[in-house]
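Visitor: As input, take structure.txt (compact mmCIF, C-alpha atoms):
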# COMPACT_ATOMS: atom_id res chain seq x y z
CA MET A 547 -60.89 206.18 -65.00
CA PRO A 548 -58.94 209.25 -63.86
CA LEU A 549 -59.64 212.10 -66.29
CA GLU A 550 -56.52 213.85 -67.54
CA ASP A 551 -55.11 215.68 -70.57
CA LYS A 552 -52.01 214.84 -72.62
CA GLU A 553 -49.81 216.57 -70.04
CA LYS A 554 -51.20 214.36 -67.26
CA ARG A 555 -53.14 217.25 -65.75
CA ALA A 556 -56.51 216.54 -64.18
CA THR A 557 -59.52 217.64 -66.21
CA ARG A 558 -62.27 217.08 -63.65
CA LYS A 559 -64.07 220.13 -62.33
CA GLY A 560 -63.80 221.16 -58.69
CA LEU A 561 -61.12 221.75 -56.09
CA PRO A 562 -58.90 218.68 -55.62
CA LEU A 563 -57.66 217.51 -52.25
CA GLU A 564 -54.08 218.03 -53.41
CA ASP A 565 -54.71 221.80 -53.68
CA MET A 566 -56.18 222.11 -50.18
CA THR A 567 -54.56 223.05 -46.91
CA GLU A 568 -54.58 220.45 -44.15
CA GLN A 569 -57.49 222.23 -42.47
CA GLN A 570 -59.41 222.33 -45.74
CA LYS A 571 -58.80 218.60 -46.22
CA LYS A 572 -60.22 217.91 -42.77
CA LEU A 573 -63.32 219.89 -43.68
CA ALA A 574 -63.58 218.11 -47.04
CA PHE A 575 -63.54 214.71 -45.36
CA ALA A 576 -66.05 216.00 -42.80
CA LEU A 577 -68.30 216.94 -45.73
CA VAL A 578 -68.00 213.40 -47.14
CA ALA A 579 -68.91 212.04 -43.70
CA ALA A 580 -71.93 214.35 -43.52
CA GLY A 581 -73.18 213.12 -46.90
CA THR A 582 -72.82 209.42 -46.12
CA SER A 583 -73.46 206.91 -43.35
CA ASP A 584 -70.63 205.63 -41.17
CA THR A 585 -70.31 202.64 -43.50
CA GLY A 586 -70.61 204.72 -46.66
CA GLY A 587 -68.07 207.24 -45.43
CA LYS A 588 -65.52 204.55 -44.60
CA GLN A 589 -66.06 202.94 -48.00
CA ALA A 590 -65.63 206.29 -49.77
CA VAL A 591 -62.33 207.02 -48.02
CA THR A 592 -61.12 203.47 -48.70
CA ILE A 593 -61.98 203.84 -52.40
CA MET A 594 -59.78 206.94 -52.50
CA SER A 595 -56.94 205.07 -50.82
CA LEU A 596 -56.99 202.27 -53.41
CA GLU A 597 -55.32 204.70 -55.82
CA SER A 598 -52.10 204.16 -53.84
CA ILE A 599 -52.27 200.42 -54.55
CA LEU A 600 -52.84 201.04 -58.26
CA LYS A 601 -49.88 203.41 -58.37
CA LYS A 602 -47.61 200.62 -57.10
CA LEU A 603 -49.04 198.03 -59.51
CA GLU A 604 -48.97 200.13 -62.69
CA SER A 605 -45.71 201.13 -64.33
CA LYS A 606 -47.52 203.26 -66.91
CA GLY A 607 -50.98 204.52 -67.68
CA PRO A 608 -53.20 207.16 -66.07
CA VAL A 609 -52.20 209.15 -63.01
CA ARG A 610 -53.07 207.37 -59.77
CA ASN A 611 -53.35 209.91 -57.00
CA PRO A 612 -55.44 209.48 -53.81
CA GLU A 613 -55.70 213.28 -53.68
CA TRP A 614 -57.29 213.55 -57.11
CA TYR A 615 -60.77 213.81 -55.63
CA PHE A 616 -62.57 216.99 -56.55
CA PHE A 617 -65.09 219.02 -54.55
CA THR A 618 -67.65 221.33 -56.13
CA LEU A 619 -70.29 223.54 -54.50
CA PHE A 620 -73.45 224.50 -56.40
CA GLY A 621 -75.43 227.53 -55.32
CA THR A 622 -75.27 229.18 -51.92
CA PRO A 623 -75.61 227.04 -48.78
CA GLY A 624 -78.45 228.25 -46.61
CA LYS A 625 -81.74 227.55 -44.92
CA SER A 626 -83.75 228.28 -48.07
CA GLY A 627 -83.38 227.65 -51.77
CA LYS A 628 -81.77 224.77 -53.61
CA TRP A 629 -78.06 224.15 -53.43
CA GLY A 630 -75.75 221.19 -53.43
CA TRP A 631 -72.27 219.74 -53.53
CA ARG A 632 -70.35 216.98 -55.24
CA VAL A 633 -67.20 215.00 -54.67
CA GLU A 634 -65.92 212.90 -57.53
CA GLY A 635 -62.83 211.10 -58.72
CA HIS A 636 -61.82 207.64 -59.85
CA HIS A 637 -64.51 205.16 -58.74
CA LEU A 638 -66.34 207.66 -56.55
CA SER A 639 -69.18 210.11 -57.15
CA ILE A 640 -71.30 211.51 -54.33
CA ASN A 641 -73.91 214.11 -55.25
CA ILE A 642 -75.98 215.84 -52.59
CA THR A 643 -78.81 218.20 -53.50
CA LEU A 644 -80.51 220.14 -50.72
CA ASP A 645 -83.59 222.32 -50.46
CA GLY A 646 -82.65 224.57 -47.59
CA ALA A 647 -81.54 222.26 -44.80
CA GLN A 648 -83.40 219.24 -46.19
CA VAL A 649 -81.70 216.66 -48.40
CA ALA A 650 -83.61 216.51 -51.69
CA SER A 651 -81.47 213.92 -53.46
CA THR A 652 -78.35 211.80 -53.05
CA SER A 653 -78.49 210.50 -56.61
CA PRO A 654 -76.44 209.52 -58.51
CA THR A 655 -74.13 207.70 -56.13
CA VAL A 656 -71.30 205.68 -57.66
CA PHE A 657 -68.87 203.50 -55.71
CA GLY A 658 -66.22 201.37 -57.40
CA ALA A 659 -63.22 199.34 -56.33
CA ASN A 660 -60.04 198.29 -58.12
CA PRO A 661 -58.90 195.90 -56.82
CA ALA A 662 -62.24 194.70 -55.48
CA ASN A 663 -60.33 192.16 -53.40
CA VAL A 664 -56.75 193.13 -52.58
CA LYS A 665 -54.65 190.10 -53.45
CA GLY A 666 -51.29 191.07 -51.95
CA GLY A 667 -49.31 193.52 -49.87
CA ASP A 668 -50.05 194.99 -46.47
CA ARG A 669 -53.78 195.23 -47.20
CA LYS A 670 -54.23 191.72 -48.57
CA GLY A 671 -57.80 190.51 -48.12
CA LEU A 672 -59.35 193.99 -48.07
CA ARG A 673 -62.72 194.12 -49.84
CA THR A 674 -64.08 197.65 -49.96
CA ILE A 675 -67.68 197.00 -51.06
CA PRO A 676 -68.23 193.24 -50.66
CA GLU A 677 -71.95 193.24 -49.86
CA VAL A 678 -73.06 194.52 -53.27
CA ASP A 679 -71.17 191.66 -54.92
CA ASP A 680 -71.81 188.78 -52.52
CA LEU A 681 -75.54 189.34 -51.99
CA ALA A 682 -76.28 189.45 -55.70
CA ARG A 683 -74.36 186.25 -56.39
CA ASP A 684 -76.08 184.58 -53.44
CA LEU A 685 -79.46 185.68 -54.73
CA PHE A 686 -78.86 184.36 -58.23
CA LYS A 687 -77.55 181.04 -56.93
CA SER A 688 -80.69 180.68 -54.76
CA LEU A 689 -83.03 180.92 -57.76
CA ASP A 690 -84.55 177.73 -59.12
CA ASP A 691 -84.17 176.74 -62.77
CA GLU A 692 -87.30 178.53 -63.94
CA GLN A 693 -86.43 181.71 -62.06
CA LYS A 694 -82.90 181.64 -63.47
CA LYS A 695 -84.26 181.42 -67.01
CA VAL A 696 -86.12 184.67 -66.41
CA ALA A 697 -83.33 186.41 -64.50
CA PHE A 698 -80.36 185.42 -66.68
CA ARG A 699 -79.05 187.61 -69.50
CA ALA A 700 -76.75 186.20 -72.15
CA LYS A 701 -75.00 189.56 -72.58
CA PRO A 702 -73.59 191.66 -69.73
CA PHE A 703 -75.21 194.95 -68.84
CA PRO A 704 -73.35 198.03 -70.11
CA GLU A 705 -71.62 200.58 -67.94
CA PRO A 706 -73.96 203.07 -66.23
CA GLU A 707 -74.62 205.97 -68.58
CA GLN A 708 -72.75 209.14 -67.76
CA ASN A 709 -73.69 212.78 -68.36
CA SER A 710 -77.42 212.10 -68.22
CA VAL A 711 -79.94 213.47 -65.74
CA LYS A 712 -82.04 210.31 -65.87
CA PRO A 713 -80.92 206.67 -66.18
CA ASN A 714 -81.90 205.46 -69.64
CA VAL A 715 -82.27 201.80 -68.73
CA GLY A 716 -85.55 200.92 -70.46
CA PRO A 717 -88.23 198.76 -68.84
CA PRO A 718 -87.39 196.36 -66.00
CA THR A 719 -86.01 192.97 -67.00
CA GLY A 720 -85.40 189.79 -65.06
CA VAL A 721 -87.36 188.02 -62.37
CA ALA A 722 -89.82 190.06 -60.29
CA ALA A 723 -89.72 189.91 -56.51
CA ALA A 724 -93.36 188.81 -56.70
CA LYS A 725 -92.10 185.56 -58.21
CA MET A 726 -89.50 185.00 -55.49
CA THR A 727 -89.73 183.08 -52.24
CA GLU A 728 -89.83 184.98 -48.99
CA LYS A 729 -86.17 184.15 -48.35
CA GLN A 730 -85.16 185.33 -51.81
CA ARG A 731 -87.07 188.59 -51.38
CA ALA A 732 -85.27 189.10 -48.07
CA THR A 733 -81.89 188.70 -49.82
CA LEU A 734 -83.02 191.09 -52.55
CA MET A 735 -83.94 193.72 -49.97
CA LYS A 736 -80.61 193.25 -48.19
CA LEU A 737 -78.97 194.01 -51.53
CA VAL A 738 -81.08 197.15 -52.02
CA GLU A 739 -80.31 198.20 -48.44
CA ALA A 740 -76.56 197.75 -49.04
CA TYR A 741 -76.81 200.59 -51.55
CA ALA A 742 -79.22 202.77 -49.57
CA ASN A 743 -77.13 202.35 -46.43
CA ARG A 744 -74.27 204.25 -48.05
CA MET A 745 -76.45 207.31 -47.40
CA PRO A 746 -77.04 209.04 -44.05
CA ALA A 747 -79.47 207.03 -41.94
CA GLU A 748 -82.44 209.39 -42.26
CA VAL A 749 -81.94 209.66 -46.04
CA ALA A 750 -81.62 205.89 -46.44
CA GLU A 751 -84.79 205.44 -44.38
CA ALA A 752 -86.69 207.83 -46.67
CA GLU A 753 -85.39 206.14 -49.83
CA LEU A 754 -86.33 202.69 -48.55
CA LYS A 755 -89.75 203.96 -47.50
CA ASP A 756 -90.31 205.07 -51.11
CA VAL A 757 -89.09 201.67 -52.35
CA ARG A 758 -91.58 199.83 -50.14
CA LYS A 759 -94.42 202.24 -50.88
CA ALA A 760 -93.93 201.72 -54.62
CA GLY A 761 -94.00 197.96 -54.08
CA VAL A 762 -91.22 195.52 -53.30
CA ASP A 763 -92.97 192.90 -55.45
CA LYS A 764 -92.42 195.17 -58.48
CA ILE A 765 -88.63 195.13 -58.12
CA HIS A 766 -86.89 193.10 -60.83
CA PHE A 767 -83.52 191.35 -60.62
CA ALA A 768 -81.49 190.42 -63.69
CA TYR A 769 -78.03 188.83 -63.79
CA SER A 770 -75.37 187.87 -66.32
CA GLY A 771 -72.13 185.93 -66.04
CA GLY A 772 -70.76 183.53 -63.44
CA THR A 773 -71.18 183.29 -59.70
CA GLU A 774 -67.73 182.22 -58.51
CA PRO A 775 -64.77 184.51 -57.69
CA GLY A 776 -62.86 185.45 -60.83
CA MET A 777 -65.87 185.00 -63.10
CA GLY A 778 -67.13 188.20 -64.70
CA HIS A 779 -70.69 189.20 -63.91
CA THR A 780 -73.12 192.10 -64.03
CA TYR A 781 -76.57 192.68 -62.61
CA ARG A 782 -79.38 195.20 -62.43
CA VAL A 783 -81.98 195.75 -59.71
CA HIS A 784 -84.83 197.81 -61.11
CA GLY A 785 -87.72 199.08 -59.02
CA PRO A 786 -90.48 201.65 -59.66
CA THR A 787 -88.42 204.43 -58.04
CA PHE A 788 -84.77 203.44 -58.49
CA VAL A 789 -82.27 201.42 -60.46
CA ILE A 790 -79.07 199.73 -59.30
CA GLU A 791 -76.37 198.99 -61.88
CA PHE A 792 -73.38 196.75 -61.15
CA LEU A 793 -70.45 195.41 -63.15
CA ASN A 794 -67.50 193.25 -62.19
CA MET A 795 -66.06 192.35 -65.59
CA GLN A 796 -62.59 193.86 -65.75
CA PRO A 797 -59.34 192.45 -64.35
CA ASP A 798 -57.57 194.45 -61.68
CA SER A 799 -54.22 196.10 -62.33
CA ALA A 800 -52.41 192.88 -61.38
CA LYS A 801 -54.41 191.03 -64.08
CA ASN A 802 -56.59 189.10 -61.63
CA PRO A 803 -59.81 188.45 -63.58
CA ALA A 804 -63.12 190.05 -62.60
CA ASN A 805 -61.69 191.98 -59.68
CA HIS A 806 -62.81 195.49 -60.59
CA ILE A 807 -66.25 196.72 -59.47
CA HIS A 808 -68.47 199.56 -60.66
CA SER A 809 -71.76 200.06 -58.79
CA ALA A 810 -74.34 202.83 -59.00
CA TRP A 811 -77.64 203.88 -57.40
CA ARG A 812 -79.89 206.23 -59.39
CA ARG A 813 -83.41 207.59 -59.01
CA LEU A 814 -85.71 206.95 -61.93
CA ALA A 815 -87.42 210.32 -61.41
CA GLY A 816 -84.10 212.00 -62.07
CA ASP A 817 -80.78 212.67 -60.44
CA PHE A 818 -79.86 215.82 -58.52
CA GLY A 819 -83.47 216.23 -57.37
CA ILE A 820 -84.62 216.97 -60.93
CA THR A 821 -88.09 215.54 -61.59
CA LYS A 822 -88.82 216.79 -65.13
Written as structure tokens, how would this file's structure read?
Guide:
Amino acid sequence: MPLEDKEKRATRKGLPLEDMTEQQKKLAFALVAAGTSDTGGKQAVTIMSLESILKKLESKGPVRNPEWYFFTLFGTPGKSGKWGWRVEGHHLSINITLDGAQVASTSPTVFGANPANVKGGDRKGLRTIPEVDDLARDLFKSLDDEQKKVAFRAKPFPEPEQNSVKPNVGPPTGVAAAKMTEKQRATLMKLVEAYANRMPAEVAEAELKDVRKAGVDKIHFAYSGGTEPGMGHTYRVHGPTFVIEFLNMQPDSAKNPANHIHSAWRRLAGDFGITK
């Protein structure tokens, strides 16, 4: 949700796009591109642009402004020492921590979409982050009855916790990859890769290397809700080194059910490169 005070002024920290010169905006978008893959960068910019659709659909409510995305720099950029940067706004949070010139962490990363599937207008049919929805539903539908009993949760998962350095998600729940068929494990890894591939290629490769080193068979998949469009659902993918949290429970601003996605990737060791 856009964060604002009673006077409709933004309360997020950082320099918003709307206060930048055109040259500064170009550099800001170049920074987003540097902190993401080609796919992740396009998705991030598209998420920002969805605010224009919400502005047309909503006659009242919070401010919808595609330039209410806020950039913050931590520390002093350089070839030594820790520093980092963040861009955040409605449905988007990219956090990059560096140790000199080396990326130490890209966690947490949050991508959302409202509407998840644009139902009308010039952009009808646009789905900003379809893979993280489709692959999970496909995986759950591929499970046999016994696997579904283990994977299914009667209650939806809650929203990812905010303002915490570590994800407080408890022990893994659901069906372990060790109990899946080879084809199911392949779908599970495609789902994990859909999140990792939002990151720059070399960072995604390092994250996935850690995932495999820790053991793919130890990754758990849990799911709640329905599997057809318009049916609310949530899921969690929980491995030894990471956790993925996903919700598609809310209607979009045109009241289409379950058309509003929140999805997050977090390191279990701690976000922002913090390991304690």
Visitor: Which residues come within 12 Å of Lys801 of chain A, counting only C-alpha atoms, excluding same-chain residues fewer than 6 positions away, as a PyMOL selection string?
Guide: chain A and resi 600+603-604+660-661+664-665+776+795
Visitor: Ranking A:Gly761, A:Val696, A:Gly560, A:Ile599 by minimum distance to Leu672 of chain A and counting only C-alpha atoms, which one comes first?
Guide: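 When distances to Leu672 of chain A are compared using only C-alpha atoms, the smallest one comes from A:Ile599.
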Visitor: Counting all atoms listed in the file, which residue out of A:Glu677, A:Met726, A:Glu751, A:Glu774 sits closest to Thr585 of chain A?
Guide: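 Ranked by minimum distance to Thr585 of chain A, first place goes to A:Glu677.
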Visitor: Neighbours of Ala590 of chain A within 8 Å (all atoms listed in the file; same-chain residues fewer than 6 positions away dropped), as a list in words?
Guide: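 In the requested format, the answer is Val578, Leu638 and Phe657 of chain A.
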Visitor: Arg744 of chain A: which residues within 10 Å, counting all atoms listed in the file, same-chain residues fewer than 5 positions away excluded, as a list in words?
Guide: Gly581, Thr582, Ser583, Asp584, Thr585, Gly586, Gly587, Lys588, Gln589, Ala590, Thr652, Thr655, Phe657, Glu739, Val749, Ala750 and Trp811 of chain A
Visitor: Of the candidates A:Lys559, A:Arg683, A:Arg758, A:Lys736, which shows the shortest atom-to-atom distance to Leu619 of chain A, using all atoms listed in the file?
Guide: A:Lys559
Visitor: Point out the residue among A:Ala800, A:Met745, A:Leu573, A:Val783 with the least atom-to-atom distance to Val649 of chain A, counting all atoms listed in the file.
Guide: A:Met745
Visitor: Which is closer to Gly819 of chain A than all the others in A:Pro797, A:Gly624, A:Gly630, A:Gly720, using only C-alpha atoms?
Guide: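 Going through A:Pro797, A:Gly624, A:Gly630, A:Gly720 one by one, the smallest distance to Gly819 of chain A is for A:Gly630.
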Visitor: Find the residue from A:Gly816, A:Pro713, A:Gly785, A:Gly607 that sits nearest to Lys552 of chain A; use all atoms listed in the file when measuring.
Guide: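 The answer is A:Gly607, which sits nearest to Lys552 of chain A.
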Visitor: Would you work out the distance separating atom CA of Phe616 of chain A from atom CA of Ala647 of chain A, expressed in Å to one decimal?
Guide: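 We find that atom CA of Phe616 of chain A and atom CA of Ala647 of chain A lie 22.9 Å from each other.
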Visitor: Hey, can you check how far atom CA of Val591 of chain A sits from atom CA of Ala804 of chain A?
Guide: 22.4 Å
Visitor: Would you mind reading off the distance between atom CA of Asn663 of chain A and atom CA of His637 of chain A, one decimal, in Å?
Guide: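 Those two atoms sit 14.7 Å apart.
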Visitor: Around the point (-84.8, 182.3, -62.0) (coordinates from the file), which residues reach within 10 Å if we count all atoms listed in the file? Answer as a ChimeraX atom specification.
Guide: /A:685-698,720-722,725-726,767-769
Visitor: So which residues touch Lys759 of chain A within 12 Å, counting all atoms listed in the file, skipping near sequence neighbours fewer than 5 positions away, as a list in words?
Guide: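 Near neighbours after the sequence-gap exclusion: Ala752, Glu753, Leu754, Lys764, Ile765, Gly785, Pro786 and Thr787 of chain A.
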Visitor: So that I can check the surroundings of Lys712 of chain A, please list as a list in words every protein, DNA and RNA residue that reaches within 8 Å of it, counting only C-alpha atoms and ignoring chain neighbours fewer than 6 positions away.
Guide: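 With the cut-off at 8 Å, the set is Arg812, Arg813, Leu814, Ala815, Gly816 and Asp817 of chain A.
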Visitor: Would you tabulate, counting all atoms listed in the file, all residues of segment 552-665 of chain A that have an atom at most 12 Å from an atom of segment 707-710 of chain A, showing the closest pair of atoms and their distance in Å to one decimal, sorted by chain then ascending number, as JSON lines?
Guide:
{"residue": "A:Ser639", "atom": "CA", "partner": "A:Gln708", "partner_atom": "CA", "distance": 11.2}
{"residue": "A:Ser653", "atom": "CA", "partner": "A:Ser710", "partner_atom": "CA", "distance": 11.8}
{"residue": "A:Pro654", "atom": "CA", "partner": "A:Gln708", "partner_atom": "CA", "distance": 10.0}
{"residue": "A:Thr655", "atom": "CA", "partner": "A:Gln708", "partner_atom": "CA", "distance": 11.8}
{"residue": "A:Val656", "atom": "CA", "partner": "A:Gln708", "partner_atom": "CA", "distance": 10.8}
Visitor: Export C-alpha atoms of the chosen residues as an mmCIF file, in the coordinates of the input?
Guide:
data_model
loop_
_atom_site.group_PDB
_atom_site.id
_atom_site.type_symbol
_atom_site.label_atom_id
_atom_site.label_comp_id
_atom_site.auth_asym_id
_atom_site.auth_seq_id
_atom_site.Cartn_x
_atom_site.Cartn_y
_atom_site.Cartn_z
ATOM 1 C CA SER A 639 -69.180 210.110 -57.150
ATOM 2 C CA SER A 653 -78.490 210.500 -56.610
ATOM 3 C CA PRO A 654 -76.440 209.520 -58.510
ATOM 4 C CA THR A 655 -74.130 207.700 -56.130
ATOM 5 C CA VAL A 656 -71.300 205.680 -57.660
#
Visitor: Every residue with an atom at most 9 Å from (-72.2, 195.1, -53.1) (file coordinates; all atoms listed in the file) is what I'm after, so could you write them as a ChimeraX atom specification?
Guide: /A:675-682,737,740-741,792,807,809
